[in-house]
file data_29.cif (mmCIF, C-alpha atoms and all ligand atoms)
data_structure
loop_
_atom_site.label_atom_id
_atom_site.label_comp_id
_atom_site.auth_asym_id
_atom_site.auth_seq_id
_atom_site.Cartn_x
_atom_site.Cartn_y
_atom_site.Cartn_z
CA MET U 1 1.56 118.64 -81.36
CA VAL U 2 -2.04 119.69 -81.83
CA GLU U 3 -2.35 117.18 -84.64
CA LYS U 4 -1.14 114.38 -82.38
CA VAL U 5 -3.67 115.23 -79.69
CA GLU U 6 -6.45 115.13 -82.25
CA VAL U 7 -5.34 111.71 -83.49
CA PHE U 8 -5.22 110.47 -79.93
CA LEU U 9 -8.67 111.79 -79.17
CA GLU U 10 -10.03 110.24 -82.30
CA SER U 11 -8.63 106.81 -81.48
CA GLU U 12 -9.96 107.06 -77.94
CA HIS U 13 -13.32 107.99 -79.43
CA THR U 14 -13.21 104.96 -81.72
CA ARG U 15 -12.35 102.74 -78.81
CA THR U 16 -15.14 103.91 -76.57
CA THR U 17 -17.84 104.04 -79.21
CA ASN U 18 -16.98 100.61 -80.58
CA ALA U 19 -18.75 98.25 -78.26
CA LYS U 20 -16.03 95.66 -78.69
CA ARG U 21 -12.34 96.26 -79.28
CA MET U 22 -11.03 93.26 -81.20
CA MET U 23 -7.81 91.27 -80.98
CA LEU U 24 -6.22 88.30 -82.71
CA ALA U 25 -6.37 84.86 -81.07
CA PHE U 26 -5.03 81.48 -82.17
CA VAL U 27 -7.77 78.94 -81.50
CA MET U 28 -8.83 75.33 -81.77
CA HIS U 29 -11.84 75.57 -84.13
CA GLN U 30 -12.66 71.89 -83.54
CA ILE U 31 -10.80 68.60 -83.28
CA GLY U 32 -8.13 68.56 -85.97
CA SER U 33 -8.42 72.25 -86.87
CA ALA U 34 -6.56 75.26 -85.44
CA GLY U 35 -6.06 78.79 -86.75
CA PHE U 36 -6.42 82.53 -86.15
CA MET U 37 -9.68 84.35 -85.48
CA GLU U 38 -10.74 87.72 -84.08
CA LYS U 39 -12.11 87.92 -80.55
CA PRO U 40 -13.08 90.87 -78.37
CA VAL U 41 -10.32 92.09 -76.04
CA PRO U 42 -11.34 90.85 -72.58
CA GLN U 43 -12.29 93.98 -70.63
CA ASP U 44 -13.68 92.73 -67.33
CA PRO U 45 -11.14 91.14 -64.99
CA GLY U 46 -13.85 90.33 -62.41
CA THR U 47 -13.24 91.24 -58.78
CA ASP U 48 -10.49 88.60 -58.25
CA GLY U 49 -9.04 88.29 -61.74
CA ALA U 50 -6.72 90.17 -64.07
CA ILE U 51 -6.33 90.86 -67.77
CA ILE U 52 -2.78 90.43 -69.04
CA LYS U 53 -1.29 91.92 -72.21
CA THR U 54 0.81 89.11 -73.64
CA THR U 55 4.51 89.72 -74.37
CA ARG U 56 5.97 86.21 -74.81
CA ALA U 57 4.51 82.72 -75.15
CA LEU U 58 5.74 79.21 -75.82
CA ILE U 59 4.02 76.45 -77.77
CA CYS U 60 3.68 73.16 -75.92
CA THR U 61 3.31 69.63 -77.22
CA SER U 62 0.13 69.39 -75.14
CA ASP U 63 -1.40 72.14 -77.35
CA SER U 64 -1.10 69.62 -80.22
CA HIS U 65 -2.59 66.86 -78.05
CA THR U 66 -5.56 69.17 -77.37
CA VAL U 67 -6.11 69.93 -81.08
CA HIS U 68 -5.99 66.20 -81.83
CA GLY U 69 -8.81 65.59 -79.37
CA ALA U 70 -6.98 64.32 -76.26
CA ILE U 71 -9.35 66.21 -73.95
CA GLY U 72 -12.39 66.08 -76.21
CA GLU U 73 -14.14 68.54 -78.51
CA ARG U 74 -13.71 72.31 -78.15
CA HIS U 75 -15.10 75.12 -80.33
CA ASP U 76 -13.03 78.24 -81.08
CA LEU U 77 -11.20 77.93 -77.76
CA THR U 78 -8.02 80.01 -77.61
CA LEU U 79 -5.01 77.70 -77.29
CA GLY U 80 -1.83 78.13 -75.25
CA HIS U 81 -0.99 78.03 -71.55
CA GLU U 82 2.59 79.28 -71.35
CA ALA U 83 2.90 83.08 -71.39
CA VAL U 84 4.16 86.15 -69.57
CA GLY U 85 2.99 89.71 -69.97
CA ILE U 86 2.02 93.03 -68.46
CA VAL U 87 -0.94 93.63 -66.15
CA TYR U 88 -3.53 95.51 -68.22
CA LYS U 89 -6.48 95.43 -65.81
CA LEU U 90 -6.83 94.23 -62.24
CA GLY U 91 -9.88 93.20 -60.24
CA SER U 92 -10.77 95.37 -57.25
CA ASN U 93 -9.93 92.58 -54.73
CA VAL U 94 -6.43 91.94 -56.07
CA ASN U 95 -3.74 93.28 -53.75
CA GLY U 96 0.02 93.52 -54.18
CA LEU U 97 0.04 94.20 -57.92
CA ARG U 98 -0.42 97.22 -60.15
CA GLU U 99 -1.46 97.72 -63.72
CA GLY U 100 1.74 97.81 -65.81
CA ASP U 101 3.57 95.22 -63.68
CA ARG U 102 5.52 92.57 -65.59
CA VAL U 103 4.15 89.20 -64.50
CA ALA U 104 4.39 85.46 -65.03
CA VAL U 105 1.42 83.14 -64.62
CA ASN U 106 1.68 79.38 -64.43
CA ALA U 107 -0.12 77.14 -66.93
CA ILE U 108 -2.09 75.85 -63.95
CA THR U 109 -4.21 78.48 -62.20
CA PRO U 110 -5.92 76.97 -59.13
CA CYS U 111 -8.58 78.77 -57.10
CA TYR U 112 -6.88 78.17 -53.71
CA LYS U 113 -10.31 77.92 -52.08
CA CYS U 114 -11.79 74.51 -52.94
CA ASP U 115 -11.36 71.28 -50.96
CA ASN U 116 -8.64 69.85 -53.23
CA CYS U 117 -6.68 73.12 -53.10
CA LEU U 118 -7.01 73.22 -49.31
CA ARG U 119 -5.84 69.58 -49.15
CA GLY U 120 -2.68 70.73 -50.94
CA PHE U 121 -3.45 69.28 -54.37
CA THR U 122 -3.83 72.58 -56.15
CA SER U 123 -3.33 71.14 -59.66
CA GLN U 124 -6.42 69.04 -58.96
CA CYS U 125 -8.41 72.21 -58.13
CA THR U 126 -12.11 71.30 -57.72
CA GLU U 127 -11.66 68.04 -59.67
CA MET U 128 -8.92 65.90 -61.19
CA LEU U 129 -6.70 68.12 -63.42
CA GLY U 130 -9.08 71.01 -62.64
CA GLY U 131 -6.23 73.46 -62.02
CA TRP U 132 -5.66 73.33 -65.76
CA LYS U 133 -7.97 76.07 -66.97
CA PHE U 134 -6.16 77.79 -69.89
CA ALA U 135 -7.09 76.24 -73.24
CA ASN U 136 -9.13 73.64 -71.42
CA ILE U 137 -12.13 75.25 -69.70
CA LYS U 138 -11.34 78.90 -70.61
CA ASP U 139 -9.52 80.78 -73.34
CA GLY U 140 -5.76 80.29 -73.30
CA VAL U 141 -2.85 82.68 -73.79
CA PHE U 142 -2.30 82.65 -77.58
CA ALA U 143 -3.97 86.05 -77.88
CA GLU U 144 -2.93 89.66 -77.48
CA TYR U 145 -4.72 89.72 -74.10
CA PHE U 146 -5.85 86.97 -71.76
CA HIS U 147 -7.76 86.65 -68.49
CA VAL U 148 -6.30 85.14 -65.30
CA ASN U 149 -8.55 83.85 -62.51
CA ASP U 150 -7.64 84.38 -58.82
CA ALA U 151 -4.87 86.76 -59.83
CA GLN U 152 -3.50 87.54 -56.39
CA ALA U 153 -2.60 83.86 -55.87
CA ASN U 154 -1.58 83.16 -59.45
CA LEU U 155 0.43 86.15 -60.72
CA ALA U 156 4.09 86.52 -59.83
CA GLN U 157 6.08 89.69 -60.52
CA ILE U 158 9.09 89.01 -62.70
CA PRO U 159 12.36 90.24 -61.13
CA LYS U 160 13.97 93.15 -63.04
CA SER U 161 17.04 91.14 -64.05
CA VAL U 162 15.00 88.25 -65.50
CA PRO U 163 14.03 88.81 -69.16
CA ASP U 164 10.62 87.68 -70.43
CA ASP U 165 12.42 85.22 -72.74
CA SER U 166 13.62 83.29 -69.66
CA ALA U 167 10.68 83.92 -67.33
CA VAL U 168 8.25 82.27 -69.75
CA TYR U 169 9.89 78.91 -69.00
CA THR U 170 8.60 79.00 -65.42
CA CYS U 171 5.00 78.73 -66.71
CA ASP U 172 5.23 75.03 -67.52
CA MET U 173 8.59 73.57 -68.55
CA MET U 174 10.47 74.35 -65.33
CA SER U 175 7.54 73.72 -63.01
CA THR U 176 6.66 70.42 -64.71
CA GLY U 177 10.23 69.17 -65.17
CA PHE U 178 11.14 70.07 -61.60
CA ILE U 179 8.08 68.42 -60.07
CA GLY U 180 9.12 65.31 -62.00
CA ALA U 181 12.41 65.41 -60.10
CA GLU U 182 10.81 66.46 -56.79
CA HIS U 183 8.30 63.61 -56.91
CA ALA U 184 11.08 61.13 -57.80
CA ASN U 185 12.32 61.24 -54.21
CA ILE U 186 15.97 61.19 -55.30
CA PRO U 187 18.29 60.54 -52.35
CA LEU U 188 21.26 62.95 -52.09
CA GLY U 189 23.87 61.31 -54.29
CA GLY U 190 21.30 58.81 -55.57
CA SER U 191 20.80 57.59 -59.11
CA VAL U 192 18.04 58.64 -61.46
CA ALA U 193 17.08 57.64 -65.00
CA ILE U 194 15.08 60.14 -67.03
CA PHE U 195 13.19 58.81 -70.02
CA ALA U 196 13.03 61.31 -72.91
CA GLN U 197 14.82 64.63 -73.13
CA GLY U 198 12.20 66.84 -74.66
CA PRO U 199 11.82 70.21 -72.93
CA VAL U 200 10.12 68.65 -69.87
CA GLY U 201 12.68 65.83 -69.63
CA LEU U 202 15.52 68.33 -69.96
CA MET U 203 14.08 70.42 -67.13
CA ALA U 204 13.70 67.21 -65.08
CA THR U 205 17.42 66.69 -65.66
CA VAL U 206 18.13 70.19 -64.33
CA GLY U 207 15.80 69.50 -61.38
CA ALA U 208 17.58 66.22 -60.56
CA ARG U 209 20.92 68.01 -60.58
CA LEU U 210 19.61 70.82 -58.36
CA LEU U 211 18.21 68.23 -55.93
CA GLY U 212 21.58 66.54 -55.57
CA ALA U 213 21.36 63.39 -57.72
CA GLY U 214 24.73 61.59 -57.84
CA LEU U 215 24.13 59.90 -61.20
CA ILE U 216 21.81 61.21 -63.88
CA ILE U 217 21.11 58.88 -66.81
CA ALA U 218 19.23 60.47 -69.70
CA VAL U 219 17.50 58.23 -72.25
CA GLU U 220 17.25 59.97 -75.62
CA SER U 221 18.09 59.27 -79.26
CA VAL U 222 17.98 62.72 -80.91
CA PRO U 223 21.54 64.15 -81.08
CA LYS U 224 20.55 67.79 -80.36
CA ARG U 225 18.56 66.66 -77.30
CA GLN U 226 21.43 64.44 -76.15
CA GLU U 227 23.72 67.46 -76.37
CA LEU U 228 21.31 69.59 -74.32
CA ALA U 229 20.90 66.77 -71.77
CA LYS U 230 24.66 66.88 -71.17
CA HIS U 231 24.57 70.67 -71.02
CA PHE U 232 21.81 70.55 -68.39
CA GLY U 233 23.58 67.97 -66.19
CA ALA U 234 23.14 64.40 -67.47
CA ASP U 235 26.17 62.22 -66.67
CA VAL U 236 25.37 59.41 -69.09
CA ILE U 237 23.27 59.33 -72.26
CA VAL U 238 21.55 56.09 -73.22
CA ASP U 239 20.51 56.00 -76.88
CA PHE U 240 17.62 53.54 -76.95
CA LYS U 241 17.97 53.17 -80.72
CA LYS U 242 21.52 51.83 -80.33
CA GLN U 243 21.22 49.87 -77.10
CA ASP U 244 18.56 48.32 -74.91
CA ALA U 245 17.83 51.12 -72.46
CA VAL U 246 16.62 48.93 -69.60
CA GLN U 247 19.54 46.50 -69.85
CA SER U 248 22.08 49.34 -70.13
CA ILE U 249 20.73 51.02 -66.99
CA LEU U 250 20.72 47.72 -65.06
CA ASP U 251 24.32 47.08 -66.22
CA MET U 252 25.37 50.52 -65.01
CA THR U 253 23.89 49.91 -61.57
CA ASN U 254 25.15 46.35 -60.86
CA ASP U 255 21.72 44.96 -61.74
CA GLN U 256 20.23 46.87 -58.81
CA GLY U 257 18.45 49.53 -60.80
CA VAL U 258 18.22 53.23 -60.07
CA ASP U 259 16.74 54.89 -56.99
CA SER U 260 14.37 56.92 -59.13
CA ALA U 261 13.03 56.99 -62.66
CA ILE U 262 11.24 59.85 -64.36
CA GLU U 263 8.78 59.30 -67.21
CA ALA U 264 8.87 62.45 -69.31
CA LEU U 265 7.32 61.22 -72.55
CA GLY U 266 3.87 59.77 -71.92
CA ALA U 267 4.00 56.34 -73.55
CA GLN U 268 3.54 52.70 -72.55
CA PRO U 269 7.13 51.58 -73.35
CA THR U 270 8.75 54.37 -71.31
CA LEU U 271 6.43 53.95 -68.31
CA GLU U 272 7.16 50.25 -68.39
CA ALA U 273 10.91 50.85 -68.68
CA CYS U 274 10.75 53.20 -65.67
CA ILE U 275 9.29 50.38 -63.55
CA ARG U 276 11.86 47.88 -64.85
CA VAL U 277 14.91 50.06 -64.10
CA THR U 278 13.83 51.17 -60.61
CA ARG U 279 15.30 49.27 -57.68
CA ALA U 280 13.15 47.79 -54.91
CA GLY U 281 11.90 50.65 -52.77
CA GLY U 282 12.47 53.15 -55.56
CA THR U 283 10.18 55.79 -56.99
CA ILE U 284 8.76 56.19 -60.48
CA SER U 285 7.72 59.77 -61.15
CA ASN U 286 5.44 60.39 -64.10
CA VAL U 287 5.15 63.77 -65.78
CA GLY U 288 4.48 62.42 -69.28
CA TYR U 289 1.11 63.19 -70.86
CA HIS U 290 -0.38 59.81 -71.76
CA GLY U 291 -2.57 61.07 -74.57
CA GLN U 292 -3.66 57.76 -76.11
CA GLY U 293 -5.39 54.49 -75.27
CA ASP U 294 -7.65 53.44 -72.40
CA TYR U 295 -5.14 51.52 -70.28
CA LEU U 296 -1.47 51.51 -69.32
CA GLN U 297 0.18 48.25 -68.33
CA ILE U 298 2.53 47.61 -65.44
CA PRO U 299 5.16 44.81 -65.80
CA ARG U 300 4.08 42.47 -63.02
CA LEU U 301 7.39 40.85 -62.04
CA ALA U 302 9.42 44.07 -62.25
CA TRP U 303 6.83 45.56 -59.93
CA GLY U 304 7.58 42.86 -57.36
CA VAL U 305 4.20 41.30 -58.11
CA GLY U 306 2.75 44.38 -56.48
CA MET U 307 4.91 44.13 -53.34
CA GLY U 308 8.26 45.66 -54.38
CA ASP U 309 7.87 48.82 -52.31
CA LYS U 310 7.98 50.71 -55.59
CA THR U 311 6.06 53.96 -55.60
CA ILE U 312 4.49 55.46 -58.72
CA ARG U 313 3.84 59.15 -58.34
CA THR U 314 2.01 61.43 -60.70
CA GLY U 315 1.61 65.16 -60.80
CA LEU U 316 0.62 68.11 -62.95
CA CYS U 317 2.72 71.28 -63.25
CA PRO U 318 2.23 73.01 -59.87
CA GLY U 319 1.15 76.64 -60.18
CA GLY U 320 0.69 79.60 -57.91
CA LYS U 321 2.62 82.75 -57.06
CA GLU U 322 4.76 81.18 -54.35
CA ARG U 323 6.12 78.43 -56.61
CA MET U 324 6.56 80.87 -59.50
CA GLN U 325 8.61 83.17 -57.28
CA ARG U 326 10.91 80.27 -56.36
CA LEU U 327 11.33 79.25 -60.00
CA LEU U 328 12.07 82.85 -60.98
CA ARG U 329 14.63 83.08 -58.17
CA LEU U 330 16.52 80.12 -59.67
CA ILE U 331 16.82 82.06 -62.94
CA GLU U 332 17.58 85.37 -61.20
CA ASN U 333 20.51 83.90 -59.29
CA GLY U 334 21.92 81.93 -62.20
CA ARG U 335 21.08 78.44 -60.97
CA VAL U 336 19.24 77.73 -64.22
CA ASP U 337 19.22 79.26 -67.66
CA PRO U 338 16.34 77.65 -69.57
CA THR U 339 16.89 79.67 -72.78
CA PRO U 340 18.90 76.98 -74.62
CA LEU U 341 15.50 75.28 -75.02
CA THR U 342 14.48 78.08 -77.40
CA THR U 343 15.41 76.67 -80.79
CA HIS U 344 13.14 78.93 -82.87
CA ARG U 345 11.53 82.39 -82.63
CA PHE U 346 8.36 83.56 -84.35
CA ARG U 347 6.15 86.64 -84.43
CA PHE U 348 2.63 86.02 -83.09
CA SER U 349 1.36 86.36 -86.68
CA GLU U 350 3.52 83.36 -87.64
CA LEU U 351 2.07 81.10 -84.95
CA GLU U 352 0.37 78.82 -87.44
CA LYS U 353 3.71 77.90 -88.98
CA ALA U 354 5.30 77.42 -85.54
CA PHE U 355 2.39 75.21 -84.48
CA ARG U 356 2.84 73.03 -87.58
CA MET U 357 6.56 72.69 -86.93
CA MET U 358 5.87 71.71 -83.32
CA GLU U 359 3.63 68.91 -84.56
CA THR U 360 6.15 67.50 -87.01
CA LYS U 361 9.16 68.37 -84.79
CA GLU U 362 10.95 69.39 -87.99
CA ASP U 363 14.23 71.31 -88.06
CA GLY U 364 15.16 69.99 -84.59
CA ILE U 365 12.54 72.20 -82.97
CA ILE U 366 12.37 71.99 -79.17
CA LYS U 367 10.58 75.14 -77.99
CA PRO U 368 9.40 77.91 -80.32
CA LEU U 369 9.26 81.28 -78.56
CA ILE U 370 6.40 83.53 -79.71
CA LEU U 371 6.98 87.30 -79.67
CA PHE U 372 3.98 89.63 -79.32
ZN ZN D 1 2.85 73.35 -71.71
ZN ZN D 2 -9.26 74.97 -56.09
#
call {"tool": "encode", "arguments": {"input": "data_29.cif", "output": "structure tokens", "more": "lines below"}}
Ligand SMILES: [Zn+2]
Ligand SMILES: [Zn+2]
result
Amino acid sequence: MVEKVEVFLESEHTRTTNAKRMMLAFVMHQIGSAGFMEKPVPQDPGTDGAIIKTTRALICTSDSHTVHGAIGERHDLTLGHEAVGIVYKLGSNVNGLREGDRVAVNAITPCYKCDNCLRGFTSQCTEMLGGWKFANIKDGVFAEYFHVNDAQANLAQIPKSVPDDSAVYTCDMMSTGFIGAEHANIPLGGSVAIFAQGPVGLMATVGARLLGAGLIIAVESVPKRQELAKHFGADVIVDFKKQDAVQSILDMTNDQGVDSAIEALGAQPTLEACIRVTRAGGTISNVGYHGQGDYLQIPRLAWGVGMGDKTIRTGLCPGGKERMQRLLRLIENGRVDPTPLTTHRFRFSELEKAFRMMETKEDGIIKPLILF
């Protein structure tokens, strides 16, 4: 017993005398290069912020986009924006939470004070896409600890019955996929085509089902993703490698087209197809990350030469405690189980391998779960 106390005291001593306690972080060194490095454990939450000890994280395709330069050069910026954890330190102004609480934080962490936030466009906090702070303008979540701004508005307690392995899907995949469906303005019993069934597309399929779509058409060619699309509520799968996706969808809808189309890939051909398959007065909802090129083209005639009453909506993963609580409630009460998206599991120390696999999409990888 005495020995233990001494060891404890010694480690406390080491901690306090070392100016900086270090941790491991997985960073973007520069465009085209990512890897591990040591960084100091963040110690100061600031008056409104929090420091979270990471327990689970997910790698996102947009982490690869970032490393390949989609948002420009970054130096030794910690990657990752999908994580849950335990409150390690809280700012003095943060009410309603305690150190030790199990919390989820969305990938998008708005300030809830600026003009755009007050106008209701929190993902565009301060400026376009400005709600996206992790691994963009501040260190992300692929570290043993990470900092959260405006913690009272951004941290949501995870209900007891919801495991971290499920809760981590609220950070981006569920919020992004569901906003794809919410923005698609699907009439009750209406028809919707969802282009691509990656993790976001699959969650858009779930969202469309929850919102009462009468016909869900999922466009996807990868067998494992087709299988998951059916599991998550798609009525029909269109394999664009075996059939013309646009023509098939028009055939299925008496040449009228669908009420709503969701772009969940981020590419010219799928955006274009969304416009072609949507009926007059319909809505095209984009959640795809268009990571390449300077322009996207709209098919003029299918757009009713600009007068077809077709709406194109865009949005970025809504964040904030209130939305996170609603997403967590859907898991808590069994409306959604996102865990079939987890195809692989890795220790944090194996993140480099997981990151590589996510880039090549080898071994049918959909979402790799990272355990801390
Ligand atoms: Zn993500
Ligand atoms: Zn703001």
call {"tool": "residues_around", "arguments": {"input": "data_29.cif", "residues": "range 47-59 of chain U", "least_positions_apart": "2", "cutoff": "6 Å", "atoms": "all atoms listed in the file", "output": "list in words"}}
result
Pro45, Glu82, Ala83, Val84, Gly85, Ile86, Val87, Tyr88, Lys89, Leu90, Gly91, Ser92, Asn93, Val94, Glu144, Tyr145, Phe146, His147, Val148, Asn149, Asp150, Ala151, Pro368, Leu369, Ile370, Leu371 and Phe372 of chain U
call {"tool": "atom_distance", "arguments": {"input": "data_29.cif", "atom1": "CA of Lys321 in chain U", "atom2": "CA of Val162 in chain U"}}
result
16.0 Å
call {"tool": "residues_near_ligand", "arguments": {"input": "data_29.cif", "ligand": "ligand ZN 2 (chain D)", "cutoff": "9 Å", "atoms": "only C-alpha atoms and all ligand atoms", "output": "list in words"}}
result
Thr109, Pro110, Cys111, Tyr112, Lys113, Cys114, Asp115, Asn116, Cys117, Leu118, Phe121, Thr122, Ser123, Gln124, Cys125, Thr126, Glu127, Gly130 and Gly131 of chain U
call {"tool": "residues_near_ligand", "arguments": {"input": "data_29.cif", "ligand": "ligand ZN 1 (chain D)", "cutoff": "6 Å", "atoms": "all atoms listed in the file", "output": "number ranges by chain"}}
result
U: 60, 62, 82, 172
call {"tool": "closest_residue", "arguments": {"input": "data_29.cif", "among": "U:Leu265, U:Val246, U:Met357, U:Leu328", "to": "Ala204 in chain U", "atoms": "only C-alpha atoms"}}
result
U:Leu265
call {"tool": "closest_atom_pairs", "arguments": {"input": "data_29.cif", "of": "range 148-192 of chain U", "to": "range 213-228 of chain U", "cutoff": "12 Å", "atoms": "all atoms listed in the file", "output": "JSON lines"}}
result
{"residue": "U:Ala181", "atom": "CA", "partner": "U:Ala213", "partner_atom": "CA", "distance": 9.5}
{"residue": "U:Glu182", "atom": "CA", "partner": "U:Ala213", "partner_atom": "CA", "distance": 11.0}
{"residue": "U:Ala184", "atom": "CA", "partner": "U:Ala213", "partner_atom": "CA", "distance": 10.5}
{"residue": "U:Asn185", "atom": "CA", "partner": "U:Ala213", "partner_atom": "CA", "distance": 9.9}
{"residue": "U:Ile186", "atom": "CA", "partner": "U:Ala213", "partner_atom": "CA", "distance": 6.3}
{"residue": "U:Pro187", "atom": "CA", "partner": "U:Ala213", "partner_atom": "CA", "distance": 6.8}
{"residue": "U:Leu188", "atom": "CA", "partner": "U:Ala213", "partner_atom": "CA", "distance": 5.6}
{"residue": "U:Gly189", "atom": "CA", "partner": "U:Gly214", "partner_atom": "CA", "distance": 3.7}
{"residue": "U:Gly190", "atom": "CA", "partner": "U:Gly214", "partner_atom": "CA", "distance": 5.0}
{"residue": "U:Ser191", "atom": "CA", "partner": "U:Leu215", "partner_atom": "CA", "distance": 4.6}
{"residue": "U:Val192", "atom": "CA", "partner": "U:Ile216", "partner_atom": "CA", "distance": 5.2}
call {"tool": "write_last_selection", "arguments": {"input": "data_29.cif", "atoms": "C-alpha atoms", "output": "PDB file, in the coordinates of the input"}}
result
ATOM      1  CA  ALA U 181      12.410  65.410 -60.100  1.00  0.00           C
ATOM      2  CA  GLU U 182      10.810  66.460 -56.790  1.00  0.00           C
ATOM      3  CA  ALA U 184      11.080  61.130 -57.800  1.00  0.00           C
ATOM      4  CA  ASN U 185      12.320  61.240 -54.210  1.00  0.00           C
ATOM      5  CA  ILE U 186      15.970  61.190 -55.300  1.00  0.00           C
ATOM      6  CA  PRO U 187      18.290  60.540 -52.350  1.00  0.00           C
ATOM      7  CA  LEU U 188      21.260  62.950 -52.090  1.00  0.00           C
ATOM      8  CA  GLY U 189      23.870  61.310 -54.290  1.00  0.00           C
ATOM      9  CA  GLY U 190      21.300  58.810 -55.570  1.00  0.00           C
ATOM     10  CA  SER U 191      20.800  57.590 -59.110  1.00  0.00           C
ATOM     11  CA  VAL U 192      18.040  58.640 -61.460  1.00  0.00           C
TER      12      VAL U 192
END
call {"tool": "closest_atom_pairs", "arguments": {"input": "data_29.cif", "of": "range 40-148 of chain U", "to": "range 287-292 of chain U", "cutoff": "9 Å", "atoms": "all atoms listed in the file", "output": "Markdown table"}}
result
| residue | atom | partner | partner_atom | distance |
| --- | --- | --- | --- | --- |
| U:Ser62 | CA | U:Tyr289 | CA | 7.6 |
| U:His65 | CA | U:Gly291 | CA | 6.8 |
| U:Ala70 | CA | U:Gly291 | CA | 5.7 |
| U:Ile71 | CA | U:Gly291 | CA | 8.5 |
call {"tool": "atom_distance", "arguments": {"input": "data_29.cif", "atom1": "CA of Lys230 in chain U", "atom2": "CA of Thr205 in chain U"}}
result
9.1 Å
call {"tool": "atom_distance", "arguments": {"input": "data_29.cif", "atom1": "CA of Gly315 in chain U", "atom2": "CA of Thr170 in chain U"}}
result
16.2 Å
call {"tool": "closest_residue", "arguments": {"input": "data_29.cif", "among": "U:Gly198, U:Pro159, U:Gly320, U:Gly69", "to": "Leu341 in chain U", "atoms": "only C-alpha atoms"}}
result
U:Gly198
call {"tool": "residues_around", "arguments": {"input": "data_29.cif", "residues": "Lys310 in chain U", "least_positions_apart": "5", "cutoff": "7 Å", "atoms": "all atoms listed in the file", "output": "PDB file with C-alpha atoms, in the frame of the given file"}}
result
ATOM      1  CA  ALA U 280      13.150  47.790 -54.910  1.00  0.00           C
ATOM      2  CA  GLY U 281      11.900  50.650 -52.770  1.00  0.00           C
ATOM      3  CA  GLY U 282      12.470  53.150 -55.560  1.00  0.00           C
ATOM      4  CA  THR U 283      10.180  55.790 -56.990  1.00  0.00           C
ATOM      5  CA  TRP U 303       6.830  45.560 -59.930  1.00  0.00           C
TER       6      TRP U 303
END
call {"tool": "closest_residue", "arguments": {"input": "data_29.cif", "among": "U:Thr176, U:Thr278, U:Gln243, U:Asn154", "to": "Gln325 in chain U", "atoms": "all atoms listed in the file"}}
result
U:Asn154
call {"tool": "closest_residue", "arguments": {"input": "data_29.cif", "among": "U:Leu327, U:Ala25, U:Ile262, U:Ala107", "to": "Phe134 in chain U", "atoms": "all atoms listed in the file"}}
result
U:Ala107
call {"tool": "closest_residue", "arguments": {"input": "data_29.cif", "among": "U:Ala354, U:Val105, U:Ala156, U:Ala196", "to": "Ala245 in chain U", "atoms": "all atoms listed in the file"}}
result
U:Ala196
call {"tool": "closest_residue", "arguments": {"input": "data_29.cif", "among": "U:Gln43, U:Ser64, U:Asn106, U:Gln157", "to": "Trp132 in chain U", "atoms": "only C-alpha atoms"}}
result
U:Asn106
